[in-house]
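Below is one structure, written out as structure tokens; comments come after it.
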Amino acid sequence: MKRIPTSFLLNSLMVMLFLYLPVVILIGMSFNASTMGIAWKGFTVQWYQKLVMDPSILDATLNSVFIACVSTGLALILGVGTAIGLEKSQGMQMPLVNMVMVLPLVIPEILLGVALLMVFVLCRIPLGFGTIIIGHMVFNLPLTVVIVRARLRKLDPAWEDAARDLGATPWNVLTRITLPMLRPAIWGAALLGFTVSLDDFVVTFFVAGPGSTTLPLKVFSMIKTGITPEINALSAVMVVVSMICVGLSWLFQQRSTVGSSESTLS
Amino acid sequence: MNESVVLDGVVKTHGPIVAVDHVSLSIQSGEFFSILGPSGSGKTTVLRLIAGLDRPDQGEIVIQQRIVTSDSPHERPVNMVFQHYALFPHMSVFDNVAFGLKMRGERPSNIQKAVGHMLALVRLQGKEKRLPGQLSGGEQQRVALARALVNRPVVLLLDEPLAALDQQLRQEMQGELKRLQREVKATFICVTHQQDEALMLSDRVAVMHGGKLLQVGTPQEIYEQPVSSTVARFIGLSNLLSGTITRFEDGLCWVEHEGLSPVVVKCPPQGPSQGAVTVMIRPERLHVSAEVSVNGYDNTLPAVVNQCVFNGNEVLYHVRLRNEAIWMARVPITEAQGCPLTVGQPVFLQWSAHEGLALPTHPAPL
């Protein structure tokens with residue numbers, strides 16, 4: 001193995017520490033028996049038990065999961081269709097279309113939140129689950145389109161020609177060839193979208209209504225009265241769930257690139 | 001013999017590019033027909049038009065006495081083997097081969113039988129459950145053939161079928177293709193840019209260039225009597241010399257060149273004319289020697305040996321003519337002698353009038 005200069009190694013280690021120390025401390029503190037402060041008073045899982053018993057946290061969790069599932073699901077249905085449509089039409093290959101498509105991902109979220117709120121108020125749409133789902137789709141949709149399109153680009157058009165030559169109707173080509181080959185990208189987009197939706201605070205904060213409190217909103221309301229060990233426990237759970245989702249998403253997309261490189265080799 | 005595929009004045013444009021320019025062809029049933037041309041000559045587009053993957057802008061396509069010009073791919077009794085096989089990577093070998101039958105709604109028991117039979121024919125028994133990515137190049141090629149042939153097409157289209165294989169495998173598959181054709185008794189239309197492949201495999205060859213059909217004929221006709229210098233250049237090695245006809249008599253033409261003595265060769269197949277022509281002589285028809293032979297050759301051109309390439313069973317001389325043109329002469333080796341003529345040595349190139357051919361420089365389109 002090649003020797004890495006120590007200074008670079010040190011640099012990398014510091015960056016890792018900088019990135020993950022807060023998270024590690026947070027998870028560690030969630031097992032601390034002390035009710036106040038950061039002094040270690042022994043190991044406990046009581047905060048997790050309290051968490052599970054708290055009906056308002058349970059409610060917020062269910063709300064969050066429900067919103068994430070619906071917004072991701074809708075974004076997938078619309079996004080996969082959009083990606084295929086954009087890829088198939090000649091006029092939609094312009095860089096401008098791509099830029100407009102990903103714009104919601106780079107616009108400051110607070111702007112999106114304010115803008116969405118204005119639209120909802122203007123159109124007299126009552127704030128609640130519906131508005132949060134719409135709000136989350138604003139970033140979930142471009143995410144899906146970008147990931148699925150990247151995969152579509154790598155698909156050999158000869159596959160579809162071959163299927164047509166063997167007697168497949170356009171519907172058969174879509175369901176038996178195109179969608180199965182997009183499956184890894186679709187799973188990747190779904191998990192990433194689910195995570196982003198689950199963790200979103202800013203947009204949700206603007207467009208949420210009474211009775212539609214999500215987990216991030218709940219955490220925010222809880223810290224108004226000071227940081228409690230319960231919040232540490234709740235945050236630790238969210239961090240771990242998010243990491244698992246993002247990891248799985250990465251794995252799926254990794255598999256999709258491996259798959260396509262194999263086929264180009266052949 | 002009846003016609004299997006007929007193209008009549010077919011035109012296909014891709015934007016401003018005319019990919020196929022008024023091509024008319026008639027392919028007999030049971031024929032092994034090759035379309036030969038450099039990349040971008042429109043040969044693959046012809047195949048896609050026959051398959052129905054593209055629609056012609058003009059002209060008609062007839063398969064088995066039925067006009068299919070506006071039919072979808074699945075309505076035509078035709079299947080295609082794609083250049084890089086285009087096997088479905090997420091399906092097993094069995095599912096790949098069964099795909100066409102499933103799309104036709106065949107009964108599962110029939111599918112099982114037909115796929116098994118076809119995999120036996122291409123010698124792939126026992127690999128049914130493999131994914132395409134787990135097969136070698138040659139095996140993938142066989143799966144692609146089986147996937148097309150299992151549908152019992154009247155015409156099988158092959159797009160550069162051997163291009164992705166290495167030299168040894170390619171020779172093996174050439175024999176395999178001929179064998180398969182005999183067994184399934186279908187018309188094979190093969191697109192290739194490899195002239196040796198086309199000459200070896202085909203009953204007839206069509207040469208395409210720039211979207212136009214230049215010549216159709218048996219491999220021997222194309223090699224011996226190319227209609228133009230473009231065809232001659234594309235098939236085998238040829239020595240070319242442009243000049244003008246000054247006299248013709250009994251099918252022989254006297255051609256004059258800048259800086260060289262006039263030569264006498266066979267007249268163009270379309271008959272002699274007083275125009276610009278290109279003289280073609282194949283390297284194996286030239287006699288090279290250090291002294292002028294008195295064996296009654298009609299033509300003698302002085303030259304200088306530029307290079308001698310030893311090929312094992314023959315020697316290929318590169319010689320320089322007086323007008324700086326480089327010609328090639330092929331001399332079989334009869335005794336262990338290597339290159340008897342040394343580089344820089346003045347030599348004489350000689351040939352009889354009927355060994356050379358004058359070709360129209362601007363041929364009339366087919």
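As shown in the structure tokens, the chain order sets the letters A, B, ...; within each chain, residues go from 1, and ligands are also counted from 1 in the order they appear.
Near chain B, counting only C-alpha atoms at 8 Å, the chain A residues are Asp156, Ala158, Trp159, Asp161, Ala162, Ala163, Arg164, Asp165, Leu166, Gly167, Ala168, Ile177, Pro180, Met181, Glu262, Ser263 and Ser266 of chain A.
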Go ahead and write the residues just picked, C-alpha atoms, as a PDB file, in the first residue's frame.
```
ATOM      1  CA  ASP A 156     -28.445   1.351 -24.048  1.00  0.00           C
ATOM      2  CA  ALA A 158     -30.568  -0.986 -28.214  1.00  0.00           C
ATOM      3  CA  TRP A 159     -32.333  -2.776 -25.331  1.00  0.00           C
ATOM      4  CA  ASP A 161     -35.043  -1.745 -29.907  1.00  0.00           C
ATOM      5  CA  ALA A 162     -34.371  -5.405 -29.157  1.00  0.00           C
ATOM      6  CA  ALA A 163     -37.573  -5.662 -27.110  1.00  0.00           C
ATOM      7  CA  ARG A 164     -39.590  -4.010 -29.881  1.00  0.00           C
ATOM      8  CA  ASP A 165     -38.026  -6.305 -32.440  1.00  0.00           C
ATOM      9  CA  LEU A 166     -39.093  -9.287 -30.317  1.00  0.00           C
ATOM     10  CA  GLY A 167     -42.681  -8.090 -30.382  1.00  0.00           C
ATOM     11  CA  ALA A 168     -43.000  -6.018 -27.212  1.00  0.00           C
ATOM     12  CA  ILE A 177     -37.338  -3.581 -19.787  1.00  0.00           C
ATOM     13  CA  PRO A 180     -36.738  -3.139 -14.154  1.00  0.00           C
ATOM     14  CA  MET A 181     -33.491  -1.598 -15.322  1.00  0.00           C
ATOM     15  CA  GLU A 262     -20.957  -4.789 -16.629  1.00  0.00           C
ATOM     16  CA  SER A 263     -23.318  -4.450 -19.510  1.00  0.00           C
ATOM     17  CA  SER A 266     -20.314  -7.137 -22.536  1.00  0.00           C
TER      18      SER A 266
END
```
> Where does DSSP see helix (DSSP H, G or I) in range 34-152 of chain B, if you list the residues as a PyMOL selection string?
Replying inline: chain B and resi 43-51+73-75+93-103+108-121+132-134+137-149
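Here CA of Phe32 in chain B stands at a distance of 7.6 Å from CA of Cys190 in chain B.
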>> For Val154 in chain B, find every residue with an atom within 8 Å (counting only C-alpha atoms), except residues of its own chain fewer than 2 positions away, and show them as a PyMOL selection string.
In response: chain B and resi 4+77-78+152+156+186-187
Keeping only N, CA and C atoms, write those residues as a PDB file, in the first residue's frame.
```pdb
ATOM      1  N   SER B   4     -37.304 -12.816 -50.950  1.00  0.00           N
ATOM      2  CA  SER B   4     -37.602 -12.780 -49.526  1.00  0.00           C
ATOM      3  C   SER B   4     -37.805 -11.340 -49.072  1.00  0.00           C
ATOM      4  N   PRO B  77     -42.155 -10.696 -40.124  1.00  0.00           N
ATOM      5  CA  PRO B  77     -41.554 -12.006 -39.820  1.00  0.00           C
ATOM      6  C   PRO B  77     -40.030 -11.929 -39.836  1.00  0.00           C
ATOM      7  N   VAL B  78     -39.502 -10.988 -39.037  1.00  0.00           N
ATOM      8  CA  VAL B  78     -38.091 -10.631 -39.109  1.00  0.00           C
ATOM      9  C   VAL B  78     -37.578 -10.475 -37.688  1.00  0.00           C
ATOM     10  N   ARG B 152     -38.590 -18.143 -35.069  1.00  0.00           N
ATOM     11  CA  ARG B 152     -38.706 -18.673 -36.432  1.00  0.00           C
ATOM     12  C   ARG B 152     -38.893 -17.561 -37.458  1.00  0.00           C
ATOM     13  N   LEU B 156     -33.443 -13.253 -40.892  1.00  0.00           N
ATOM     14  CA  LEU B 156     -32.660 -12.890 -39.716  1.00  0.00           C
ATOM     15  C   LEU B 156     -31.705 -11.767 -40.111  1.00  0.00           C
ATOM     16  N   ALA B 186     -33.407 -19.941 -43.005  1.00  0.00           N
ATOM     17  CA  ALA B 186     -33.939 -18.574 -43.115  1.00  0.00           C
ATOM     18  C   ALA B 186     -33.019 -17.757 -44.014  1.00  0.00           C
ATOM     19  N   THR B 187     -33.517 -16.614 -44.459  1.00  0.00           N
ATOM     20  CA  THR B 187     -32.669 -15.665 -45.177  1.00  0.00           C
ATOM     21  C   THR B 187     -31.851 -14.904 -44.135  1.00  0.00           C
TER      22      THR B 187
END
```
>> Please identify the strand (DSSP E or B) residues within range 42-285 of chain B (assignment by DSSP from backbone atoms) and present them as a VMD selection string.
In response: chain B and resid 58 to 63 66 to 67 78 to 82 85 155 to 159 187 to 192 204 to 209 212 to 217 239 to 249 252 to 257 260 to 266 276 to 281
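Excluding Leu162 in chain B itself and any same-chain residue fewer than 5 positions from it, the protein and nucleic acid residues within 9 Å of it, counting only C-alpha atoms, are Gln83, Gln141, Leu169, Arg170, Gln171, Met173, Gln174, Thr192 and Glu197 of chain B.
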>> So that I can check the surroundings of Arg285 in chain B, please list as an NGL selection string every protein, DNA and RNA residue that reaches within 7 Å of it, counting only C-alpha atoms and ignoring chain neighbours fewer than 2 positions away.
In response: :B and (281-283 or 287 or 351 or 355)
Could you take the residues named above and write them with C-alpha atoms, as a PDB file, in the first residue's frame?
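The resulting selection06.pdb:
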```pdb
ATOM      1  CA  ILE B 281      -4.756  -4.243 -61.108  1.00  0.00           C
ATOM      2  CA  ARG B 282      -4.854  -6.647 -58.155  1.00  0.00           C
ATOM      3  CA  PRO B 283      -1.445  -7.137 -56.453  1.00  0.00           C
ATOM      4  CA  HIS B 287       4.596  -9.952 -62.310  1.00  0.00           C
ATOM      5  CA  TRP B 351       0.832  -7.793 -66.683  1.00  0.00           C
ATOM      6  CA  GLU B 355      -5.521  -8.843 -65.863  1.00  0.00           C
TER       7      GLU B 355
END
```
Near-Leu141 in chain A list (8 Å; only C-alpha atoms; drop same-chain fewer than 3 positions) as a short mmCIF file (atom, residue, chain, number, x, y, z; two decimals) with C-alpha atoms, in the first residue's frame:
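So part.cif came out as:
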```
data_model
loop_
_atom_site.label_atom_id
_atom_site.label_comp_id
_atom_site.auth_asym_id
_atom_site.auth_seq_id
_atom_site.Cartn_x
_atom_site.Cartn_y
_atom_site.Cartn_z
CA ALA A 75 -42.63 12.25 -6.23
CA LEU A 76 -41.58 8.82 -7.55
CA LEU A 78 -44.42 11.86 -11.18
CA GLY A 79 -40.61 11.97 -11.20
CA MET A 137 -42.58 17.21 -3.14
CA VAL A 138 -41.00 20.48 -4.28
CA THR A 144 -36.05 11.79 -8.19
CA VAL A 145 -35.81 13.24 -11.69
#
```
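By only C-alpha atoms, and with residues fewer than 2 positions from His136 in chain A along its chain excluded, the set lying at most 9 Å from it is Ile67, Ala68, Ser71, Thr72, Ala75, Thr131, Ile132, Ile133, Ile134, Val138, Phe139, Asn140, Leu141, Gly193, Val196, Ser197, Asp200, Val203 and Thr204 of chain A.
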Would you export the selected residues with C-alpha atoms as a PDB file, in the first residue's frame, please?
```pdb
ATOM      1  CA  ILE A  67     -45.795  12.597   5.146  1.00  0.00           C
ATOM      2  CA  ALA A  68     -42.453  11.146   4.023  1.00  0.00           C
ATOM      3  CA  SER A  71     -44.558  12.756  -0.633  1.00  0.00           C
ATOM      4  CA  THR A  72     -41.861  10.292  -1.705  1.00  0.00           C
ATOM      5  CA  ALA A  75     -42.632  12.248  -6.232  1.00  0.00           C
ATOM      6  CA  THR A 131     -49.574  21.464   2.278  1.00  0.00           C
ATOM      7  CA  ILE A 132     -46.584  19.741   3.943  1.00  0.00           C
ATOM      8  CA  ILE A 133     -46.760  16.904   1.396  1.00  0.00           C
ATOM      9  CA  ILE A 134     -46.846  19.418  -1.459  1.00  0.00           C
ATOM     10  CA  VAL A 138     -41.003  20.479  -4.281  1.00  0.00           C
ATOM     11  CA  PHE A 139     -37.577  19.087  -3.379  1.00  0.00           C
ATOM     12  CA  ASN A 140     -38.366  15.366  -3.659  1.00  0.00           C
ATOM     13  CA  LEU A 141     -39.441  15.626  -7.292  1.00  0.00           C
ATOM     14  CA  GLY A 193     -36.300  11.409  -0.709  1.00  0.00           C
ATOM     15  CA  VAL A 196     -34.878  14.376   3.256  1.00  0.00           C
ATOM     16  CA  SER A 197     -38.610  14.567   3.885  1.00  0.00           C
ATOM     17  CA  ASP A 200     -36.997  18.618   6.786  1.00  0.00           C
ATOM     18  CA  VAL A 203     -40.251  24.228   4.630  1.00  0.00           C
ATOM     19  CA  THR A 204     -42.361  22.197   7.057  1.00  0.00           C
TER      20      THR A 204
END
```
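CA of Gln194 in chain B is found 19.7 Å from CA of Asn239 in chain B.
With distances restricted to only C-alpha atoms, B:Lys129 is the closest residue to Asp95 in chain B from B:Lys129, B:His354, B:Leu119, B:Val277.
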